[in-house]
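start05.cif (mmCIF, C-alpha atoms, pLDDT in the B column; chains and numbers go by the auth columns)
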data_input
loop_
_atom_site.group_PDB
_atom_site.id
_atom_site.type_symbol
_atom_site.label_atom_id
_atom_site.label_comp_id
_atom_site.label_asym_id
_atom_site.label_seq_id
_atom_site.Cartn_x
_atom_site.Cartn_y
_atom_site.Cartn_z
_atom_site.B_iso_or_equiv
_atom_site.auth_seq_id
_atom_site.auth_asym_id
ATOM 1 C CA MET A 1 0.000 0.000 0.000 41.00 20 A
ATOM 2 C CA GLU A 2 1.321 3.412 -0.959 41.00 21 A
ATOM 3 C CA SER A 3 1.695 5.769 1.978 51.00 22 A
ATOM 4 C CA ARG A 4 0.735 9.409 1.795 56.00 23 A
ATOM 5 C CA PRO A 5 1.916 12.295 3.922 65.00 24 A
ATOM 6 C CA LEU A 6 -0.012 12.752 7.144 74.00 25 A
ATOM 7 C CA GLY A 7 -2.000 15.937 7.466 72.00 26 A
ATOM 8 C CA CYS A 8 -3.049 18.731 5.162 72.00 27 A
ATOM 9 C CA PRO A 9 -2.768 22.545 5.343 67.00 28 A
ATOM 10 C CA ALA A 10 -5.982 22.689 7.380 68.00 29 A
ATOM 11 C CA CYS A 11 -4.780 20.470 10.190 74.00 30 A
ATOM 12 C CA LEU A 12 -1.043 21.127 9.944 71.00 31 A
ATOM 13 C CA ASP A 13 -0.797 24.861 9.234 63.00 32 A
ATOM 14 C CA LEU A 14 -4.137 25.920 10.661 56.00 33 A
ATOM 15 C CA ALA A 15 -4.223 23.464 13.560 55.00 34 A
ATOM 16 C CA MET A 16 -7.083 24.157 15.949 52.00 35 A
ATOM 17 C CA ARG A 17 -8.452 26.984 13.817 58.00 36 A
ATOM 18 C CA GLU A 18 -12.091 26.235 13.067 59.00 37 A
ATOM 19 C CA ALA A 19 -11.677 23.201 15.324 65.00 38 A
ATOM 20 C CA GLN A 20 -9.436 21.246 12.974 71.00 39 A
ATOM 21 C CA PRO A 21 -8.556 18.580 13.667 80.00 40 A
ATOM 22 C CA THR A 22 -11.885 17.710 15.306 79.00 41 A
ATOM 23 C CA PHE A 23 -11.756 16.446 18.895 82.00 42 A
ATOM 24 C CA LEU A 24 -13.274 12.960 19.180 85.00 43 A
ATOM 25 C CA VAL A 25 -12.504 11.425 22.555 88.00 44 A
ATOM 26 C CA ALA A 26 -10.370 11.692 25.678 87.00 45 A
ATOM 27 C CA THR A 27 -9.570 8.386 27.348 86.00 46 A
ATOM 28 C CA SER A 28 -7.806 10.076 30.239 83.00 47 A
ATOM 29 C CA PRO A 29 -7.115 13.661 31.288 79.00 48 A
ATOM 30 C CA ASP A 30 -3.998 13.515 29.139 80.00 49 A
ATOM 31 C CA ASP A 31 -4.817 11.265 26.158 87.00 50 A
ATOM 32 C CA PHE A 32 -6.804 12.770 23.251 89.00 51 A
ATOM 33 C CA LEU A 33 -7.903 11.564 19.820 89.00 52 A
ATOM 34 C CA TYR A 34 -8.716 13.912 16.921 87.00 53 A
ATOM 35 C CA ARG A 35 -9.461 13.568 13.196 84.00 54 A
ATOM 36 C CA CYS A 36 -9.172 16.152 10.453 81.00 55 A
ATOM 37 C CA ASP A 37 -12.463 16.577 8.615 75.00 56 A
ATOM 38 C CA TYR A 38 -10.617 17.708 5.506 75.00 57 A
ATOM 39 C CA CYS A 39 -7.954 15.046 4.893 74.00 58 A
ATOM 40 C CA GLN A 40 -9.146 12.382 7.389 78.00 59 A
ATOM 41 C CA THR A 41 -5.770 12.222 9.176 82.00 60 A
ATOM 42 C CA TRP A 42 -5.942 10.884 12.723 84.00 61 A
ATOM 43 C CA TRP A 43 -4.266 12.956 15.453 85.00 62 A
ATOM 44 C CA THR A 44 -3.247 11.886 18.935 86.00 63 A
ATOM 45 C CA GLY A 45 -2.257 14.265 21.661 83.00 64 A
ATOM 46 C CA ASN A 46 -2.066 15.285 25.263 77.00 65 A
ATOM 47 C CA SER A 47 -2.375 18.582 27.086 68.00 66 A
ATOM 48 C CA ARG A 48 0.840 19.941 25.532 71.00 67 A
ATOM 49 C CA PHE A 49 0.938 18.751 21.917 75.00 68 A
ATOM 50 C CA ASN A 50 -0.888 16.988 19.075 77.00 69 A
ATOM 51 C CA ASN A 51 0.727 14.788 16.438 82.00 70 A
ATOM 52 C CA PRO A 52 -0.615 13.325 13.208 84.00 71 A
ATOM 53 C CA ALA A 53 -0.815 9.526 13.396 84.00 72 A
ATOM 54 C CA THR A 54 -1.414 6.651 11.038 84.00 73 A
ATOM 55 C CA ALA A 55 -4.637 4.688 11.461 84.00 74 A
ATOM 56 C CA VAL A 56 -2.573 1.774 12.847 86.00 75 A
ATOM 57 C CA ASP A 57 -0.862 3.992 15.451 87.00 76 A
ATOM 58 C CA ALA A 58 -4.155 5.619 16.458 87.00 77 A
ATOM 59 C CA GLN A 59 -5.820 2.193 16.802 88.00 78 A
ATOM 60 C CA ALA A 60 -2.934 0.966 18.982 88.00 79 A
ATOM 61 C CA ARG A 61 -3.257 3.974 21.282 87.00 80 A
ATOM 62 C CA PHE A 62 -7.089 3.933 21.335 88.00 81 A
ATOM 63 C CA PRO A 63 -8.021 0.233 20.972 87.00 82 A
ATOM 64 C CA GLU A 64 -11.609 0.754 22.132 86.00 83 A
ATOM 65 C CA GLN A 65 -12.321 3.226 19.301 84.00 84 A
ATOM 66 C CA ARG A 66 -13.357 2.137 15.814 79.00 85 A
ATOM 67 C CA ILE A 67 -10.474 3.625 13.866 82.00 86 A
ATOM 68 C CA THR A 68 -10.324 3.151 10.116 75.00 87 A
ATOM 69 C CA SER A 69 -8.295 4.655 7.335 70.00 88 A
ATOM 70 C CA SER A 70 -11.403 5.325 5.270 66.00 89 A
ATOM 71 C CA PRO A 71 -13.111 8.713 5.189 66.00 90 A
ATOM 72 C CA ALA A 72 -16.148 9.270 7.385 69.00 91 A
ATOM 73 C CA VAL A 73 -18.110 10.183 4.241 80.00 92 A
ATOM 74 C CA ASP A 74 -17.623 9.558 0.552 85.00 93 A
ATOM 75 C CA ASP A 75 -15.690 12.336 -1.224 87.00 94 A
ATOM 76 C CA ALA A 76 -18.069 12.400 -4.209 92.00 95 A
ATOM 77 C CA GLN A 77 -21.105 12.685 -1.932 94.00 96 A
ATOM 78 C CA LEU A 78 -19.449 15.419 0.088 93.00 97 A
ATOM 79 C CA SER A 79 -18.627 17.377 -3.063 95.00 98 A
ATOM 80 C CA GLU A 80 -22.177 16.992 -4.380 97.00 99 A
ATOM 81 C CA ALA A 81 -23.554 18.026 -0.979 96.00 100 A
ATOM 82 C CA ILE A 82 -21.503 21.241 -1.076 96.00 101 A
ATOM 83 C CA VAL A 83 -22.802 22.063 -4.562 97.00 102 A
ATOM 84 C CA LEU A 84 -26.401 21.410 -3.434 97.00 103 A
ATOM 85 C CA PHE A 85 -25.961 23.351 -0.180 97.00 104 A
ATOM 86 C CA THR A 86 -24.624 26.458 -1.896 97.00 105 A
ATOM 87 C CA GLY A 87 -26.957 26.338 -4.875 97.00 106 A
ATOM 88 C CA TRP A 88 -23.968 26.467 -7.261 97.00 107 A
ATOM 89 C CA GLY A 89 -25.217 26.371 -10.853 95.00 108 A
ATOM 90 C CA ALA A 90 -28.877 26.472 -9.789 96.00 109 A
ATOM 91 C CA THR A 91 -29.431 29.790 -8.014 95.00 110 A
ATOM 92 C CA PRO A 92 -28.275 33.354 -8.747 96.00 111 A
ATOM 93 C CA GLU A 93 -26.712 33.725 -5.257 95.00 112 A
ATOM 94 C CA PRO A 94 -25.563 31.228 -2.615 95.00 113 A
ATOM 95 C CA VAL A 95 -28.493 29.828 -0.618 95.00 114 A
ATOM 96 C CA ASP A 96 -26.933 27.768 2.241 94.00 115 A
ATOM 97 C CA ASP A 97 -29.826 25.278 2.150 95.00 116 A
ATOM 98 C CA VAL A 98 -29.161 22.055 4.031 95.00 117 A
ATOM 99 C CA THR A 99 -32.628 20.701 3.201 96.00 118 A
ATOM 100 C CA ARG A 100 -31.525 20.197 -0.409 96.00 119 A
ATOM 101 C CA VAL A 101 -28.692 17.967 0.849 96.00 120 A
ATOM 102 C CA GLU A 102 -30.960 16.042 3.196 97.00 121 A
ATOM 103 C CA ALA A 103 -33.461 15.419 0.369 97.00 122 A
ATOM 104 C CA ARG A 104 -30.714 14.104 -1.934 97.00 123 A
ATOM 105 C CA PHE A 105 -28.919 11.969 0.693 96.00 124 A
ATOM 106 C CA PRO A 106 -31.576 10.947 3.271 96.00 125 A
ATOM 107 C CA THR A 107 -29.731 7.832 4.479 93.00 126 A
ATOM 108 C CA GLU A 108 -26.239 9.344 4.525 91.00 127 A
ATOM 109 C CA PHE A 109 -27.311 12.730 5.906 92.00 128 A
ATOM 110 C CA PRO A 110 -26.632 12.075 9.632 88.00 129 A
ATOM 111 C CA ALA A 111 -22.958 11.306 8.885 85.00 130 A
ATOM 112 C CA LEU A 112 -22.684 13.800 6.032 89.00 131 A
ATOM 113 C CA GLU A 113 -24.116 16.903 7.738 89.00 132 A
ATOM 114 C CA PRO A 114 -21.363 17.525 10.341 83.00 133 A
ATOM 115 C CA VAL A 115 -18.621 17.043 7.731 84.00 134 A
ATOM 116 C CA LEU A 116 -20.461 19.361 5.321 89.00 135 A
ATOM 117 C CA ALA A 117 -20.766 21.943 8.101 86.00 136 A
ATOM 118 C CA ALA A 118 -17.022 21.692 8.846 82.00 137 A
ATOM 119 C CA PHE A 119 -16.108 22.272 5.195 86.00 138 A
ATOM 120 C CA VAL A 120 -18.485 25.231 4.875 89.00 139 A
ATOM 121 C CA ARG A 121 -17.142 26.786 8.114 84.00 140 A
ATOM 122 C CA GLY A 122 -13.598 26.104 6.991 81.00 141 A
ATOM 123 C CA SER A 123 -14.118 27.817 3.646 86.00 142 A
ATOM 124 C CA ALA A 124 -15.434 30.902 5.408 84.00 143 A
ATOM 125 C CA SER A 125 -12.433 30.912 7.759 80.00 144 A
ATOM 126 C CA LEU A 126 -10.214 32.246 4.970 81.00 145 A
ATOM 127 C CA VAL A 127 -9.887 35.895 5.860 81.00 146 A
ATOM 128 C CA PHE A 128 -9.372 38.626 3.319 84.00 147 A
ATOM 129 C CA HIS A 129 -5.761 39.447 4.193 82.00 148 A
ATOM 130 C CA GLU A 130 -4.753 35.812 3.442 82.00 149 A
ATOM 131 C CA VAL A 131 -5.775 36.217 -0.207 86.00 150 A
ATOM 132 C CA ALA A 132 -5.578 40.014 -0.713 85.00 151 A
ATOM 133 C CA PRO A 133 -5.503 42.300 -2.652 88.00 152 A
ATOM 134 C CA ALA A 134 -9.005 42.829 -4.000 85.00 153 A
ATOM 135 C CA ASP A 135 -8.198 42.593 -7.692 89.00 154 A
ATOM 136 C CA ASP A 136 -9.182 40.434 -10.653 91.00 155 A
ATOM 137 C CA GLY A 137 -7.196 37.512 -9.225 92.00 156 A
ATOM 138 C CA LEU A 138 -8.851 37.467 -5.786 92.00 157 A
ATOM 139 C CA LEU A 139 -11.260 34.595 -6.386 94.00 158 A
ATOM 140 C CA GLY A 140 -8.527 32.616 -8.124 95.00 159 A
ATOM 141 C CA ARG A 141 -6.392 32.941 -5.001 94.00 160 A
ATOM 142 C CA VAL A 142 -9.379 31.958 -2.821 93.00 161 A
ATOM 143 C CA ARG A 143 -9.973 28.860 -4.956 95.00 162 A
ATOM 144 C CA ALA A 144 -6.280 27.911 -4.900 92.00 163 A
ATOM 145 C CA ARG A 145 -6.157 28.230 -1.109 89.00 164 A
ATOM 146 C CA LEU A 146 -9.355 26.209 -0.685 89.00 165 A
ATOM 147 C CA GLY A 147 -7.920 23.542 -2.982 89.00 166 A
ATOM 148 C CA LEU A 148 -4.847 23.240 -0.756 82.00 167 A
ATOM 149 C CA ILE A 149 -6.865 23.090 2.439 80.00 168 A
ATOM 150 C CA MET A 150 -9.590 20.792 1.084 82.00 169 A
ATOM 151 C CA PRO A 151 -7.927 18.310 -1.274 80.00 170 A
ATOM 152 C CA ARG A 152 -10.858 15.862 -1.124 82.00 171 A
ATOM 153 C CA LEU A 153 -13.239 18.150 -3.005 90.00 172 A
ATOM 154 C CA SER A 154 -14.177 18.062 -6.677 95.00 173 A
ATOM 155 C CA ASP A 155 -13.658 21.063 -8.948 96.00 174 A
ATOM 156 C CA ASP A 156 -17.392 21.849 -8.785 97.00 175 A
ATOM 157 C CA ALA A 157 -17.375 21.833 -4.976 97.00 176 A
ATOM 158 C CA LEU A 158 -14.313 24.130 -4.898 96.00 177 A
ATOM 159 C CA ASP A 159 -16.015 26.425 -7.408 97.00 178 A
ATOM 160 C CA ALA A 160 -19.161 26.453 -5.240 97.00 179 A
ATOM 161 C CA LEU A 161 -17.259 27.408 -2.070 96.00 180 A
ATOM 162 C CA THR A 162 -15.253 30.020 -3.970 95.00 181 A
ATOM 163 C CA TRP A 163 -18.488 31.494 -5.363 96.00 182 A
ATOM 164 C CA ARG A 164 -19.963 31.612 -1.828 95.00 183 A
ATOM 165 C CA TRP A 165 -16.851 33.128 -0.212 93.00 184 A
ATOM 166 C CA PRO A 166 -17.361 36.842 -1.065 91.00 185 A
ATOM 167 C CA PHE A 167 -20.931 36.655 0.253 91.00 186 A
ATOM 168 C CA VAL A 168 -19.842 35.483 3.715 89.00 187 A
ATOM 169 C CA VAL A 169 -16.370 36.960 4.274 85.00 188 A
ATOM 170 C CA PRO A 170 -15.885 40.728 4.765 79.00 189 A
ATOM 171 C CA GLN A 171 -13.718 42.175 2.006 70.00 190 A
ATOM 172 C CA THR A 172 -11.598 44.282 4.320 60.00 191 A
ATOM 173 C CA SER A 173 -8.347 43.679 6.075 51.00 192 A
ATOM 174 C CA PRO A 174 -7.601 44.472 9.726 53.00 193 A
ATOM 175 C CA PHE A 175 -4.045 45.441 8.701 49.00 194 A
#
Could you rewrite the structure in this file as structure tokens?
Amino acid sequence: MESRPLGCPACLDLAMREAQPTFLVATSPDDFLYRCDYCQTWWTGNSRFNNPATAVDAQARFPEQRITSSPAVDDAQLSEAIVLFTGWGATPEPVDDVTRVEARFPTEFPALEPVLAAFVRGSASLVFHEVAPADDGLLGRVRARLGLIMPRLSDDALDALTWRWPFVVPQTSPF
């Protein structure tokens, strides 16, 4: 099996911003398990540090947890859910309508909804000064940054989040 690097820009560079990686369980006051919603990397930690871990290492440290290397939700379903949620290609402006996702994926929705919410929150966590200036290339820089942070998403899902971004993020810089 080919190994891939552990972590992604969301959980490595932006660790704990927008709650990534997501806290899952503490088995003692000093033994924590996390998982990145974006790249699905497992993280183990204590009160002083967090480290990315392979699924095998995480399972060894947390044997009572059901740890797998597979994503919590299917990447294609997640991408389609983002497109449906935003209204990309169907509405003149972003709609943020979770009922469209629930109607399309009624069985998968309980597992899909929290991951969808994490991706939507994460896309809105890009602040203007990270992609400034406000010129013709702004949305291209937003899309490139989202693509780095959210490598699981399809082109349509990245386009949908990029399209939504200027509607939810103030176009000013605190600097």
Reference answer for the PyMOL selection byres ((chain A and resi 121-128) around 10), as a PyMOL selection string: chain A and resi 92-93+96+99-100+103-104+116-120+129-135
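Pairwise distance (atom CA of Cys27 of chain A, atom CA of Ala153 of chain A) equals 26.5 Å.
Take the PyMOL selection byres ((chain A and resi 178-192) around 7) and apply it to this file: it picks Val102, Thr105, Trp107, Pro113, Ser142, Ala143, Val146, Phe147, His148, Leu158, Val161, Arg162, Asp174, Asp175, Ala176, Leu177, Pro193 and Phe194 of chain A.
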Going by the chain IDs and residue numbers used in this file, which residues fall under the PyMOL selection byres ((chain A and resi 49-59) around 8)? Write them as a ChimeraX atom specification. /A:26-27,29-30,39-48,60-66,77,81,88-91,134,137-138,168-171
So which one's closest to Gly166 of chain A, A:Asp154, A:Thr73, A:Ala136, A:Gly141? Using only C-alpha atoms, please.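 Under the stated criterion, the closest residue is A:Gly141.
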Generate the missing atoms of segment 131-154 of chain A up to N, CA, C and O atoms and report them as a PDB file, in the frame of the given file.
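Below is the file that was written, part-v5.pdb:
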ATOM      1  N   LEU A 131     -23.138  12.795   6.985  1.00 89.00           N
ATOM      2  CA  LEU A 131     -22.684  13.800   6.032  1.00 89.00           C
ATOM      3  C   LEU A 131     -22.797  15.229   6.569  1.00 89.00           C
ATOM      4  O   LEU A 131     -21.915  16.057   6.349  1.00 89.00           O
ATOM      5  N   GLU A 132     -23.838  15.520   7.302  1.00 89.00           N
ATOM      6  CA  GLU A 132     -24.116  16.903   7.738  1.00 89.00           C
ATOM      7  C   GLU A 132     -23.000  17.527   8.562  1.00 89.00           C
ATOM      8  O   GLU A 132     -22.586  18.663   8.280  1.00 89.00           O
ATOM      9  N   PRO A 133     -22.429  16.860   9.583  1.00 83.00           N
ATOM     10  CA  PRO A 133     -21.363  17.525  10.341  1.00 83.00           C
ATOM     11  C   PRO A 133     -20.093  17.758   9.516  1.00 83.00           C
ATOM     12  O   PRO A 133     -19.398  18.750   9.714  1.00 83.00           O
ATOM     13  N   VAL A 134     -19.797  16.853   8.581  1.00 84.00           N
ATOM     14  CA  VAL A 134     -18.621  17.043   7.731  1.00 84.00           C
ATOM     15  C   VAL A 134     -18.879  18.190   6.756  1.00 84.00           C
ATOM     16  O   VAL A 134     -18.017  19.043   6.536  1.00 84.00           O
ATOM     17  N   LEU A 135     -20.074  18.243   6.185  1.00 89.00           N
ATOM     18  CA  LEU A 135     -20.461  19.361   5.321  1.00 89.00           C
ATOM     19  C   LEU A 135     -20.330  20.680   6.070  1.00 89.00           C
ATOM     20  O   LEU A 135     -19.743  21.648   5.561  1.00 89.00           O
ATOM     21  N   ALA A 136     -20.838  20.725   7.291  1.00 86.00           N
ATOM     22  CA  ALA A 136     -20.766  21.943   8.101  1.00 86.00           C
ATOM     23  C   ALA A 136     -19.313  22.351   8.353  1.00 86.00           C
ATOM     24  O   ALA A 136     -18.979  23.541   8.290  1.00 86.00           O
ATOM     25  N   ALA A 137     -18.437  21.383   8.610  1.00 82.00           N
ATOM     26  CA  ALA A 137     -17.022  21.692   8.846  1.00 82.00           C
ATOM     27  C   ALA A 137     -16.375  22.285   7.598  1.00 82.00           C
ATOM     28  O   ALA A 137     -15.612  23.248   7.680  1.00 82.00           O
ATOM     29  N   PHE A 138     -16.679  21.744   6.433  1.00 86.00           N
ATOM     30  CA  PHE A 138     -16.108  22.272   5.195  1.00 86.00           C
ATOM     31  C   PHE A 138     -16.633  23.674   4.898  1.00 86.00           C
ATOM     32  O   PHE A 138     -15.877  24.552   4.482  1.00 86.00           O
ATOM     33  N   VAL A 139     -17.908  23.904   5.123  1.00 89.00           N
ATOM     34  CA  VAL A 139     -18.485  25.231   4.875  1.00 89.00           C
ATOM     35  C   VAL A 139     -17.878  26.251   5.843  1.00 89.00           C
ATOM     36  O   VAL A 139     -17.475  27.341   5.438  1.00 89.00           O
ATOM     37  N   ARG A 140     -17.782  25.891   7.133  1.00 84.00           N
ATOM     38  CA  ARG A 140     -17.142  26.786   8.114  1.00 84.00           C
ATOM     39  C   ARG A 140     -15.689  27.038   7.740  1.00 84.00           C
ATOM     40  O   ARG A 140     -15.189  28.154   7.816  1.00 84.00           O
ATOM     41  N   GLY A 141     -15.006  25.976   7.357  1.00 81.00           N
ATOM     42  CA  GLY A 141     -13.598  26.104   6.991  1.00 81.00           C
ATOM     43  C   GLY A 141     -13.383  27.012   5.799  1.00 81.00           C
ATOM     44  O   GLY A 141     -12.433  27.796   5.766  1.00 81.00           O
ATOM     45  N   SER A 142     -14.271  26.947   4.821  1.00 86.00           N
ATOM     46  CA  SER A 142     -14.118  27.817   3.646  1.00 86.00           C
ATOM     47  C   SER A 142     -14.318  29.279   4.022  1.00 86.00           C
ATOM     48  O   SER A 142     -13.665  30.160   3.475  1.00 86.00           O
ATOM     49  N   ALA A 143     -15.193  29.529   4.965  1.00 84.00           N
ATOM     50  CA  ALA A 143     -15.434  30.902   5.408  1.00 84.00           C
ATOM     51  C   ALA A 143     -14.370  31.389   6.382  1.00 84.00           C
ATOM     52  O   ALA A 143     -14.332  32.573   6.721  1.00 84.00           O
ATOM     53  N   SER A 144     -13.482  30.494   6.831  1.00 80.00           N
ATOM     54  CA  SER A 144     -12.433  30.912   7.759  1.00 80.00           C
ATOM     55  C   SER A 144     -11.260  31.583   7.041  1.00 80.00           C
ATOM     56  O   SER A 144     -10.400  32.160   7.691  1.00 80.00           O
ATOM     57  N   LEU A 145     -11.237  31.505   5.719  1.00 81.00           N
ATOM     58  CA  LEU A 145     -10.214  32.246   4.970  1.00 81.00           C
ATOM     59  C   LEU A 145     -10.526  33.726   5.098  1.00 81.00           C
ATOM     60  O   LEU A 145     -11.574  34.176   4.653  1.00 81.00           O
ATOM     61  N   VAL A 146      -9.646  34.463   5.694  1.00 81.00           N
ATOM     62  CA  VAL A 146      -9.887  35.895   5.860  1.00 81.00           C
ATOM     63  C   VAL A 146      -9.244  36.666   4.709  1.00 81.00           C
ATOM     64  O   VAL A 146      -8.325  36.183   4.045  1.00 81.00           O
ATOM     65  N   PHE A 147      -9.759  37.843   4.484  1.00 84.00           N
ATOM     66  CA  PHE A 147      -9.372  38.626   3.319  1.00 84.00           C
ATOM     67  C   PHE A 147      -7.861  38.819   3.206  1.00 84.00           C
ATOM     68  O   PHE A 147      -7.282  38.660   2.136  1.00 84.00           O
ATOM     69  N   HIS A 148      -7.191  39.146   4.303  1.00 82.00           N
ATOM     70  CA  HIS A 148      -5.761  39.447   4.193  1.00 82.00           C
ATOM     71  C   HIS A 148      -4.925  38.229   3.784  1.00 82.00           C
ATOM     72  O   HIS A 148      -3.791  38.385   3.345  1.00 82.00           O
ATOM     73  N   GLU A 149      -5.474  37.005   3.890  1.00 82.00           N
ATOM     74  CA  GLU A 149      -4.753  35.812   3.442  1.00 82.00           C
ATOM     75  C   GLU A 149      -4.738  35.669   1.919  1.00 82.00           C
ATOM     76  O   GLU A 149      -3.916  34.929   1.384  1.00 82.00           O
ATOM     77  N   VAL A 150      -5.664  36.346   1.246  1.00 86.00           N
ATOM     78  CA  VAL A 150      -5.775  36.217  -0.207  1.00 86.00           C
ATOM     79  C   VAL A 150      -5.776  37.578  -0.911  1.00 86.00           C
ATOM     80  O   VAL A 150      -5.976  37.645  -2.121  1.00 86.00           O
ATOM     81  N   ALA A 151      -5.572  38.658  -0.163  1.00 85.00           N
ATOM     82  CA  ALA A 151      -5.578  40.014  -0.713  1.00 85.00           C
ATOM     83  C   ALA A 151      -4.487  40.159  -1.775  1.00 85.00           C
ATOM     84  O   ALA A 151      -3.548  39.357  -1.812  1.00 85.00           O
ATOM     85  N   PRO A 152      -4.600  41.147  -2.634  1.00 88.00           N
ATOM     86  CA  PRO A 152      -5.503  42.300  -2.652  1.00 88.00           C
ATOM     87  C   PRO A 152      -6.801  42.004  -3.400  1.00 88.00           C
ATOM     88  O   PRO A 152      -6.934  40.968  -4.050  1.00 88.00           O
ATOM     89  N   ALA A 153      -7.718  42.947  -3.304  1.00 85.00           N
ATOM     90  CA  ALA A 153      -9.005  42.829  -4.000  1.00 85.00           C
ATOM     91  C   ALA A 153      -8.811  43.257  -5.448  1.00 85.00           C
ATOM     92  O   ALA A 153      -9.002  44.409  -5.802  1.00 85.00           O
ATOM     93  N   ASP A 154      -8.404  42.316  -6.273  1.00 89.00           N
ATOM     94  CA  ASP A 154      -8.198  42.593  -7.692  1.00 89.00           C
ATOM     95  C   ASP A 154      -8.837  41.477  -8.504  1.00 89.00           C
ATOM     96  O   ASP A 154      -9.571  40.656  -7.965  1.00 89.00           O
TER      97      ASP A 154
END
